[in-house]
$ cat coords.cif   # mmCIF, C-alpha atoms; chains and numbers go by the auth columns
data_protein
#
loop_
_atom_site.group_PDB
_atom_site.id
_atom_site.type_symbol
_atom_site.label_atom_id
_atom_site.label_comp_id
_atom_site.label_asym_id
_atom_site.label_seq_id
_atom_site.Cartn_x
_atom_site.Cartn_y
_atom_site.Cartn_z
_atom_site.B_iso_or_equiv
_atom_site.auth_seq_id
_atom_site.auth_asym_id
ATOM 1 C CA MET A 1 0.000 0.000 0.000 0.00 1 O
ATOM 2 C CA ALA A 2 1.453 3.381 -0.941 0.00 2 O
ATOM 3 C CA ALA A 3 2.362 5.725 1.895 0.00 3 O
ATOM 4 C CA VAL A 4 0.255 8.858 2.064 0.00 4 O
ATOM 5 C CA GLU A 5 1.986 11.558 0.079 0.00 5 O
ATOM 6 C CA GLN A 6 1.796 15.231 0.888 0.00 6 O
ATOM 7 C CA PRO A 7 1.336 17.709 -1.965 0.00 7 O
ATOM 8 C CA LEU A 8 5.010 18.695 -1.689 0.00 8 O
ATOM 9 C CA ASP A 9 6.019 15.084 -2.334 0.00 9 O
ATOM 10 C CA LEU A 10 4.276 15.295 -5.692 0.00 10 O
ATOM 11 C CA ILE A 11 6.446 18.263 -6.600 0.00 11 O
ATOM 12 C CA ARG A 12 9.527 16.243 -5.623 0.00 12 O
ATOM 13 C CA LEU A 13 8.584 13.767 -8.372 0.00 13 O
ATOM 14 C CA SER A 14 8.971 16.607 -10.888 0.00 14 O
ATOM 15 C CA LEU A 15 12.611 17.447 -10.031 0.00 15 O
ATOM 16 C CA ASP A 16 14.717 17.621 -13.199 0.00 16 O
ATOM 17 C CA GLU A 17 11.526 17.562 -15.250 0.00 17 O
ATOM 18 C CA ARG A 18 9.894 20.371 -17.166 0.00 18 O
ATOM 19 C CA ILE A 19 6.956 21.901 -15.290 0.00 19 O
ATOM 20 C CA TYR A 20 4.295 24.556 -15.708 0.00 20 O
ATOM 21 C CA VAL A 21 3.890 27.202 -13.006 0.00 21 O
ATOM 22 C CA LYS A 22 0.976 29.622 -12.854 0.00 22 O
ATOM 23 C CA CYS A 23 1.949 32.838 -11.054 0.00 23 O
ATOM 24 C CA ARG A 24 0.225 35.919 -9.719 0.00 24 O
ATOM 25 C CA GLY A 25 -0.028 38.844 -12.115 0.00 25 O
ATOM 26 C CA ASP A 26 -1.294 36.753 -15.064 0.00 26 O
ATOM 27 C CA ARG A 27 2.101 35.146 -15.531 0.00 27 O
ATOM 28 C CA GLU A 28 2.982 31.600 -16.489 0.00 28 O
ATOM 29 C CA LEU A 29 6.344 29.896 -16.434 0.00 29 O
ATOM 30 C CA ARG A 30 7.529 26.770 -18.207 0.00 30 O
ATOM 31 C CA GLY A 31 10.920 25.452 -17.214 0.00 31 O
ATOM 32 C CA ARG A 32 13.009 22.621 -15.764 0.00 32 O
ATOM 33 C CA LEU A 33 12.671 22.320 -11.989 0.00 33 O
ATOM 34 C CA HIS A 34 15.968 22.089 -10.095 0.00 34 O
ATOM 35 C CA ALA A 35 15.016 23.010 -6.534 0.00 35 O
ATOM 36 C CA TYR A 36 12.065 23.966 -4.370 0.00 36 O
ATOM 37 C CA ASP A 37 11.224 24.395 -0.706 0.00 37 O
ATOM 38 C CA GLN A 38 8.134 24.410 1.512 0.00 38 O
ATOM 39 C CA HIS A 39 7.399 28.038 0.581 0.00 39 O
ATOM 40 C CA LEU A 40 7.401 27.006 -3.098 0.00 40 O
ATOM 41 C CA ASN A 41 10.487 29.118 -3.745 0.00 41 O
ATOM 42 C CA MET A 42 11.946 27.432 -6.861 0.00 42 O
ATOM 43 C CA VAL A 43 14.920 27.437 -9.177 0.00 43 O
ATOM 44 C CA LEU A 44 14.064 26.752 -12.819 0.00 44 O
ATOM 45 C CA SER A 45 16.290 26.594 -15.902 0.00 45 O
ATOM 46 C CA GLU A 46 15.508 27.214 -19.585 0.00 46 O
ATOM 47 C CA VAL A 47 12.428 29.164 -18.574 0.00 47 O
ATOM 48 C CA GLU A 48 9.830 30.691 -20.846 0.00 48 O
ATOM 49 C CA GLU A 49 7.703 33.333 -19.100 0.00 49 O
ATOM 50 C CA THR A 50 4.353 34.283 -20.636 0.00 50 O
ATOM 51 C CA ILE A 51 2.666 37.474 -19.409 0.00 51 O
ATOM 52 C CA THR A 52 -0.973 37.860 -20.487 0.00 52 O
ATOM 53 C CA ILE A 53 -2.232 41.398 -20.931 0.00 53 O
ATOM 54 C CA GLN A 54 -5.867 42.393 -21.080 0.00 54 O
ATOM 55 C CA GLU A 55 -6.655 45.770 -22.576 0.00 55 O
ATOM 56 C CA THR A 56 -10.036 47.324 -23.159 0.00 56 O
ATOM 57 C CA ASP A 57 -10.474 49.443 -26.265 0.00 57 O
ATOM 58 C CA GLU A 58 -11.822 52.813 -25.112 0.00 58 O
ATOM 59 C CA GLU A 59 -14.132 53.370 -28.038 0.00 59 O
ATOM 60 C CA THR A 60 -15.505 49.924 -28.768 0.00 60 O
ATOM 61 C CA ASP A 61 -15.221 48.509 -25.211 0.00 61 O
ATOM 62 C CA GLU A 62 -13.735 45.494 -26.899 0.00 62 O
ATOM 63 C CA GLU A 63 -11.425 43.356 -24.771 0.00 63 O
ATOM 64 C CA ILE A 64 -8.086 42.719 -26.380 0.00 64 O
ATOM 65 C CA ILE A 65 -6.015 39.885 -24.999 0.00 65 O
ATOM 66 C CA SER A 66 -2.338 39.678 -25.901 0.00 66 O
ATOM 67 C CA SER A 67 0.676 37.961 -24.412 0.00 67 O
ATOM 68 C CA LYS A 68 4.401 38.699 -24.097 0.00 68 O
ATOM 69 C CA LYS A 69 7.003 35.973 -23.829 0.00 69 O
ATOM 70 C CA ARG A 70 10.592 36.004 -22.724 0.00 70 O
ATOM 71 C CA ASN A 71 13.283 33.437 -22.019 0.00 71 O
ATOM 72 C CA VAL A 72 15.618 33.226 -19.031 0.00 72 O
ATOM 73 C CA GLU A 73 18.362 30.610 -18.717 0.00 73 O
ATOM 74 C CA MET A 74 18.264 30.284 -14.906 0.00 74 O
ATOM 75 C CA LEU A 75 15.624 31.788 -12.636 0.00 75 O
ATOM 76 C CA PHE A 76 14.876 31.858 -8.913 0.00 76 O
ATOM 77 C CA VAL A 77 11.135 32.272 -8.280 0.00 77 O
ATOM 78 C CA ARG A 78 9.884 33.520 -4.921 0.00 78 O
ATOM 79 C CA GLY A 79 7.250 31.192 -3.509 0.00 79 O
ATOM 80 C CA ASP A 80 4.691 33.829 -2.638 0.00 80 O
ATOM 81 C CA VAL A 81 3.954 34.520 -6.328 0.00 81 O
ATOM 82 C CA VAL A 82 3.232 30.864 -7.130 0.00 82 O
ATOM 83 C CA ILE A 83 -0.390 29.823 -7.601 0.00 83 O
ATOM 84 C CA LEU A 84 -0.032 26.322 -9.020 0.00 84 O
ATOM 85 C CA VAL A 85 2.600 23.818 -10.164 0.00 85 O
ATOM 86 C CA SER A 86 1.926 21.094 -12.709 0.00 86 O
ATOM 87 C CA PRO A 87 3.553 18.938 -15.389 0.00 87 O
ATOM 88 C CA PRO A 88 3.503 20.916 -18.672 0.00 88 O
ATOM 89 C CA LEU A 89 0.019 21.211 -20.147 0.00 89 O
ATOM 90 C CA ARG A 90 -0.324 19.437 -23.459 0.00 90 O
ATOM 91 C CA THR A 91 -2.870 20.711 -25.972 0.00 91 O
ATOM 92 C CA GLY A 92 -5.365 18.112 -27.161 0.00 92 O
ATOM 93 C CA ALA A 93 -4.504 15.622 -24.410 0.00 93 O
ATOM 94 C CA SER A 94 -7.379 13.579 -22.973 0.00 94 O
ATOM 95 C CA MET B 1 17.428 27.103 4.543 0.00 1 B
ATOM 96 C CA LEU B 2 18.060 25.562 1.139 0.00 2 B
ATOM 97 C CA PHE B 3 17.795 28.791 -0.813 0.00 3 B
ATOM 98 C CA PHE B 4 19.681 30.757 1.847 0.00 4 B
ATOM 99 C CA SER B 5 22.628 28.403 1.242 0.00 5 B
ATOM 100 C CA PHE B 6 22.079 28.629 -2.501 0.00 6 B
ATOM 101 C CA PHE B 7 22.285 32.415 -2.492 0.00 7 B
ATOM 102 C CA LYS B 8 25.377 32.370 -0.285 0.00 8 B
ATOM 103 C CA THR B 9 27.144 30.520 -3.116 0.00 9 B
ATOM 104 C CA LEU B 10 26.225 33.398 -5.445 0.00 10 B
ATOM 105 C CA VAL B 11 27.761 36.186 -3.320 0.00 11 B
ATOM 106 C CA GLY B 12 30.073 38.227 -5.523 0.00 12 B
ATOM 107 C CA LYS B 13 28.260 37.277 -8.715 0.00 13 B
ATOM 108 C CA GLU B 14 26.193 39.568 -10.890 0.00 14 B
ATOM 109 C CA ILE B 15 22.458 38.910 -10.760 0.00 15 B
ATOM 110 C CA ALA B 16 19.284 40.632 -11.856 0.00 16 B
ATOM 111 C CA VAL B 17 16.526 41.036 -9.259 0.00 17 B
ATOM 112 C CA GLU B 18 13.024 41.612 -10.592 0.00 18 B
ATOM 113 C CA LEU B 19 10.767 43.099 -7.955 0.00 19 B
ATOM 114 C CA LYS B 20 7.019 42.777 -7.616 0.00 20 B
ATOM 115 C CA ASN B 21 6.694 46.449 -8.599 0.00 21 B
ATOM 116 C CA GLU B 22 8.176 45.630 -12.040 0.00 22 B
ATOM 117 C CA VAL B 23 11.560 47.312 -11.326 0.00 23 B
ATOM 118 C CA THR B 24 14.516 45.132 -12.316 0.00 24 B
ATOM 119 C CA LEU B 25 17.853 45.855 -10.662 0.00 25 B
ATOM 120 C CA ARG B 26 21.095 44.374 -11.941 0.00 26 B
ATOM 121 C CA GLY B 27 24.037 44.312 -9.533 0.00 27 B
ATOM 122 C CA THR B 28 26.587 42.302 -7.585 0.00 28 B
ATOM 123 C CA LEU B 29 25.217 40.196 -4.755 0.00 29 B
ATOM 124 C CA HIS B 30 26.886 41.454 -1.594 0.00 30 B
ATOM 125 C CA SER B 31 25.007 39.480 1.032 0.00 31 B
ATOM 126 C CA VAL B 32 21.855 37.531 1.810 0.00 32 B
ATOM 127 C CA ASP B 33 20.061 36.518 5.008 0.00 33 B
ATOM 128 C CA GLN B 34 17.637 33.830 6.153 0.00 34 B
ATOM 129 C CA TYR B 35 14.651 35.857 4.944 0.00 35 B
ATOM 130 C CA LEU B 36 16.320 36.098 1.514 0.00 36 B
ATOM 131 C CA ASN B 37 16.694 39.846 1.954 0.00 37 B
ATOM 132 C CA VAL B 38 19.579 40.855 -0.329 0.00 38 B
ATOM 133 C CA LYS B 39 22.118 43.594 -0.565 0.00 39 B
ATOM 134 C CA LEU B 40 23.238 44.540 -4.051 0.00 40 B
ATOM 135 C CA THR B 41 26.209 46.751 -4.861 0.00 41 B
ATOM 136 C CA ASP B 42 26.949 48.844 -7.930 0.00 42 B
ATOM 137 C CA ILE B 43 23.413 48.557 -9.226 0.00 43 B
ATOM 138 C CA SER B 44 21.978 49.559 -12.559 0.00 44 B
ATOM 139 C CA VAL B 45 18.268 49.808 -13.307 0.00 45 B
ATOM 140 C CA GLU B 46 16.979 47.971 -16.348 0.00 46 B
ATOM 141 C CA ASP B 47 14.731 50.231 -18.391 0.00 47 B
ATOM 142 C CA ALA B 48 16.144 53.212 -16.508 0.00 48 B
ATOM 143 C CA GLU B 49 13.955 55.683 -18.379 0.00 49 B
ATOM 144 C CA ARG B 50 10.851 54.250 -16.791 0.00 50 B
ATOM 145 C CA PHE B 51 12.331 54.329 -13.303 0.00 51 B
ATOM 146 C CA PRO B 52 14.513 57.437 -12.903 0.00 52 B
ATOM 147 C CA GLN B 53 14.157 57.508 -9.099 0.00 53 B
ATOM 148 C CA LEU B 54 17.059 55.108 -8.600 0.00 54 B
ATOM 149 C CA ALA B 55 19.539 56.814 -10.920 0.00 55 B
ATOM 150 C CA ALA B 56 21.667 58.103 -8.012 0.00 56 B
ATOM 151 C CA ILE B 57 21.680 54.843 -6.051 0.00 57 B
ATOM 152 C CA LYS B 58 24.816 52.694 -6.043 0.00 58 B
ATOM 153 C CA ASN B 59 24.035 50.118 -3.367 0.00 59 B
ATOM 154 C CA CYS B 60 20.768 48.905 -1.944 0.00 60 B
ATOM 155 C CA PHE B 61 19.063 46.591 0.500 0.00 61 B
ATOM 156 C CA ILE B 62 16.069 44.715 -0.872 0.00 62 B
ATOM 157 C CA ARG B 63 13.461 43.148 1.375 0.00 63 B
ATOM 158 C CA GLY B 64 13.063 39.512 0.387 0.00 64 B
ATOM 159 C CA SER B 65 9.284 39.719 0.216 0.00 65 B
ATOM 160 C CA ALA B 66 9.518 42.392 -2.487 0.00 66 B
ATOM 161 C CA ILE B 67 11.291 40.063 -4.903 0.00 67 B
ATOM 162 C CA ARG B 68 9.450 38.254 -7.684 0.00 68 B
ATOM 163 C CA TYR B 69 12.376 36.681 -9.589 0.00 69 B
ATOM 164 C CA VAL B 70 16.159 36.538 -9.496 0.00 70 B
ATOM 165 C CA GLN B 71 17.895 35.944 -12.831 0.00 71 B
ATOM 166 C CA ILE B 72 21.120 34.014 -12.452 0.00 72 B
ATOM 167 C CA PRO B 73 23.865 33.101 -14.937 0.00 73 B
ATOM 168 C CA LYS B 74 23.439 29.427 -15.763 0.00 74 B
ATOM 169 C CA ASP B 75 27.167 28.713 -15.311 0.00 75 B
ATOM 170 C CA GLU B 76 27.116 29.736 -11.655 0.00 76 B
ATOM 171 C CA VAL B 77 24.649 27.010 -10.727 0.00 77 B
ATOM 172 C CA ASP B 78 25.450 23.370 -9.993 0.00 78 B
ATOM 173 C CA VAL B 79 22.090 21.874 -10.864 0.00 79 B
ATOM 174 C CA GLU B 80 22.991 18.370 -9.685 0.00 80 B
ATOM 175 C CA LEU B 81 23.861 19.677 -6.234 0.00 81 B
ATOM 176 C CA LEU B 82 20.629 21.704 -6.109 0.00 82 B
ATOM 177 C CA GLN B 83 18.450 18.760 -7.074 0.00 83 B
ATOM 178 C CA ASP B 84 20.138 16.503 -4.507 0.00 84 B
ATOM 179 C CA ALA B 85 19.641 19.114 -1.799 0.00 85 B
ATOM 180 C CA ALA B 86 15.965 19.534 -2.704 0.00 86 B
ATOM 181 C CA ARG B 87 15.412 15.766 -2.653 0.00 87 B
ATOM 182 C CA LYS B 88 17.050 15.396 0.755 0.00 88 B
ATOM 183 C CA GLU B 89 15.170 18.364 2.179 0.00 89 B
ATOM 184 C CA HIS B 90 11.850 16.705 1.497 0.00 90 B
ATOM 185 C CA ALA B 91 12.675 13.022 1.948 0.00 91 B
ATOM 186 C CA GLY B 92 10.671 11.054 4.476 0.00 92 B
ATOM 187 C CA GLY B 93 7.621 13.232 4.683 0.00 93 B
ATOM 188 C CA LYS B 94 9.078 16.408 6.164 0.00 94 B
#

$ encode --input "coords.cif" --output "structure tokens"
Amino acid sequence: MAAVEQPLDLIRLSLDERIYVKCRGDRELRGRLHAYDQHLNMVLSEVEETITIQETDEETDEEIISSKKRNVEMLFVRGDVVILVSPPLRTGAS
Amino acid sequence: MLFFSFFKTLVGKEIAVELKNEVTLRGTLHSVDQYLNVKLTDISVEDAERFPQLAAIKNCFIRGSAIRYVQIPKDEVDVELLQDAARKEHAGGK
């Protein structure tokens, strides 16, 4: 019978794997997890950050959604911005 | 304590600290403490036109809770060591 695992143990399984991190401020990170702690501070490498921006057109009141991406080779992420951690999302997966 | 030790290995190296208020400061890591407060010396502000308030500042103390990311040169990091430390930190249901 498997021992009861805490949520942090599930993150341990993802060490040296690519993960997806949703962050506060409409930001998302995809990178390789190298270290984490109980605060969810993390070190990721080969990171792609996606910032999603929502603008409202003044005249038409139309909502325009756009995103900005950037790459960082090695990044420390402070745990208090992390919302969720997951294996990378695959489009079209069941 | 894992990331406190990690940052101690980066003292003397140049890093870029991105704060939660969007300001990014590039400088030499002078010191770090258990709260991950940092002192940077010889700083330069990225996108200095947007943030002219810090033009005269050479050294600074940054409260750890104000940090969103720290960008680190990939060569300064021993990823194997980091992963081992993270695994040990959370082994056995800590």

$ interface_residues --input "coords.cif" --of "chain O" --to "chain B" --cutoff "12 Å" --atoms "all atoms listed in the file" --output "VMD selection string"
chain O and resid 3 to 17 23 to 25 27 29 32 to 47 49 71 to 82

$ atom_distance --input "coords.cif" --atom1 "atom CA of Ser67 of chain O" --atom2 "atom CA of Leu89 of chain O"
17.3 Å

$ atom_distance --input "coords.cif" --atom1 "atom CA of Leu40 of chain B" --atom2 "atom CA of Glu22 of chain B"
17.1 Å

$ atom_distance --input "coords.cif" --atom1 "atom CA of Arg26 of chain B" --atom2 "atom CA of Asp42 of chain B"
8.4 Å

$ residues_around --input "coords.cif" --residues "Val85 of chain O" --least-positions-apart "2" --cutoff "8 Å" --atoms "all atoms listed in the file" --output "ChimeraX atom specification"
/O:11,19-22,82-83,87

$ write_last_selection --input "coords.cif" --atoms "C-alpha atoms" --output "tab-separated table (two decimals), keeping the file's coordinate frame"
chain	number	residue	atom	x	y	z
O	11	ILE	CA	6.45	18.26	-6.60
O	19	ILE	CA	6.96	21.90	-15.29
O	20	TYR	CA	4.30	24.56	-15.71
O	21	VAL	CA	3.89	27.20	-13.01
O	22	LYS	CA	0.98	29.62	-12.85
O	82	VAL	CA	3.23	30.86	-7.13
O	83	ILE	CA	-0.39	29.82	-7.60
O	87	PRO	CA	3.55	18.94	-15.39

$ axis_aligned_box --input "coords.cif" --around "segment 83-91 of chain B" --padding-each-side "6 Å" --output "lines of an AutoDock Vina configuration file"
center_x = 16.0
center_y = 16.3
center_z = -2.4
size_x = 20.3
size_y = 18.5
size_z = 21.3

$ residues_around --input "coords.cif" --residues "Asn59 of chain B" --least-positions-apart "5" --cutoff "12 Å" --atoms "only C-alpha atoms" --output "list in words"
Leu25, Arg26, Gly27, Thr28, Leu29, His30, Ser31, Val38, Lys39, Leu40, Thr41, Asp42, Ile43, Ser44, Val45 and Leu54 of chain B

$ resolve_selection --input "coords.cif" --expression "the PyMOL selection byres ((chain O and resi 64) around 6)" --output "MDAnalysis selection string"
chainID O and resid 54:56 63 65

$ decode --input "coords.cif" --residues "segment 27-48 of chain O" --atoms "N, CA and C atoms" --output "PDB file, in the first residue's frame"
ATOM      1  N   ARG O  27       0.863  35.632 -14.956  1.00  0.00           N
ATOM      2  CA  ARG O  27       2.101  35.146 -15.531  1.00  0.00           C
ATOM      3  C   ARG O  27       2.138  33.630 -15.480  1.00  0.00           C
ATOM      4  N   GLU O  28       2.794  33.049 -16.465  1.00  0.00           N
ATOM      5  CA  GLU O  28       2.982  31.600 -16.489  1.00  0.00           C
ATOM      6  C   GLU O  28       4.435  31.310 -16.816  1.00  0.00           C
ATOM      7  N   LEU O  29       4.961  30.275 -16.180  1.00  0.00           N
ATOM      8  CA  LEU O  29       6.344  29.896 -16.434  1.00  0.00           C
ATOM      9  C   LEU O  29       6.386  28.447 -16.886  1.00  0.00           C
ATOM     10  N   ARG O  30       7.262  28.175 -17.845  1.00  0.00           N
ATOM     11  CA  ARG O  30       7.529  26.770 -18.207  1.00  0.00           C
ATOM     12  C   ARG O  30       9.035  26.599 -18.152  1.00  0.00           C
ATOM     13  N   GLY O  31       9.478  25.619 -17.324  1.00  0.00           N
ATOM     14  CA  GLY O  31      10.920  25.452 -17.214  1.00  0.00           C
ATOM     15  C   GLY O  31      11.241  24.136 -16.550  1.00  0.00           C
ATOM     16  N   ARG O  32      12.564  23.869 -16.383  1.00  0.00           N
ATOM     17  CA  ARG O  32      13.009  22.621 -15.764  1.00  0.00           C
ATOM     18  C   ARG O  32      13.247  22.895 -14.291  1.00  0.00           C
ATOM     19  N   LEU O  33      12.601  22.096 -13.435  1.00  0.00           N
ATOM     20  CA  LEU O  33      12.671  22.320 -11.989  1.00  0.00           C
ATOM     21  C   LEU O  33      13.958  21.737 -11.415  1.00  0.00           C
ATOM     22  N   HIS O  34      14.732  22.568 -10.718  1.00  0.00           N
ATOM     23  CA  HIS O  34      15.968  22.089 -10.095  1.00  0.00           C
ATOM     24  C   HIS O  34      15.908  22.080  -8.586  1.00  0.00           C
ATOM     25  N   ALA O  35      15.104  22.982  -7.991  1.00  0.00           N
ATOM     26  CA  ALA O  35      15.016  23.010  -6.534  1.00  0.00           C
ATOM     27  C   ALA O  35      13.738  23.701  -6.111  1.00  0.00           C
ATOM     28  N   TYR O  36      13.246  23.317  -4.916  1.00  0.00           N
ATOM     29  CA  TYR O  36      12.065  23.966  -4.370  1.00  0.00           C
ATOM     30  C   TYR O  36      12.134  23.824  -2.859  1.00  0.00           C
ATOM     31  N   ASP O  37      11.313  24.594  -2.149  1.00  0.00           N
ATOM     32  CA  ASP O  37      11.224  24.395  -0.706  1.00  0.00           C
ATOM     33  C   ASP O  37       9.761  24.493  -0.280  1.00  0.00           C
ATOM     34  N   GLN O  38       9.526  24.472   1.035  1.00  0.00           N
ATOM     35  CA  GLN O  38       8.134  24.410   1.512  1.00  0.00           C
ATOM     36  C   GLN O  38       7.372  25.694   1.225  1.00  0.00           C
ATOM     37  N   HIS O  39       8.092  26.787   0.925  1.00  0.00           N
ATOM     38  CA  HIS O  39       7.399  28.038   0.581  1.00  0.00           C
ATOM     39  C   HIS O  39       7.046  28.075  -0.894  1.00  0.00           C
ATOM     40  N   LEU O  40       7.510  27.039  -1.644  1.00  0.00           N
ATOM     41  CA  LEU O  40       7.401  27.006  -3.098  1.00  0.00           C
ATOM     42  C   LEU O  40       8.329  28.015  -3.771  1.00  0.00           C
ATOM     43  N   ASN O  41       9.368  28.498  -3.049  1.00  0.00           N
ATOM     44  CA  ASN O  41      10.487  29.118  -3.745  1.00  0.00           C
ATOM     45  C   ASN O  41      11.020  28.052  -4.692  1.00  0.00           C
ATOM     46  N   MET O  42      11.465  28.423  -5.899  1.00  0.00           N
ATOM     47  CA  MET O  42      11.946  27.432  -6.861  1.00  0.00           C
ATOM     48  C   MET O  42      13.104  27.984  -7.671  1.00  0.00           C
ATOM     49  N   VAL O  43      13.947  27.067  -8.154  1.00  0.00           N
ATOM     50  CA  VAL O  43      14.920  27.437  -9.177  1.00  0.00           C
ATOM     51  C   VAL O  43      14.584  26.647 -10.430  1.00  0.00           C
ATOM     52  N   LEU O  44      14.388  27.375 -11.542  1.00  0.00           N
ATOM     53  CA  LEU O  44      14.064  26.752 -12.819  1.00  0.00           C
ATOM     54  C   LEU O  44      15.121  27.131 -13.838  1.00  0.00           C
ATOM     55  N   SER O  45      15.389  26.236 -14.812  1.00  0.00           N
ATOM     56  CA  SER O  45      16.290  26.594 -15.902  1.00  0.00           C
ATOM     57  C   SER O  45      15.536  26.525 -17.220  1.00  0.00           C
ATOM     58  N   GLU O  46      16.118  27.178 -18.248  1.00  0.00           N
ATOM     59  CA  GLU O  46      15.508  27.214 -19.585  1.00  0.00           C
ATOM     60  C   GLU O  46      14.033  27.574 -19.495  1.00  0.00           C
ATOM     61  N   VAL O  47      13.789  28.754 -18.895  1.00  0.00           N
ATOM     62  CA  VAL O  47      12.428  29.164 -18.574  1.00  0.00           C
ATOM     63  C   VAL O  47      11.850  30.026 -19.678  1.00  0.00           C
ATOM     64  N   GLU O  48      10.566  29.780 -19.991  1.00  0.00           N
ATOM     65  CA  GLU O  48       9.830  30.691 -20.846  1.00  0.00           C
ATOM     66  C   GLU O  48       8.727  31.303 -20.000  1.00  0.00           C
TER      67      GLU O  48
END
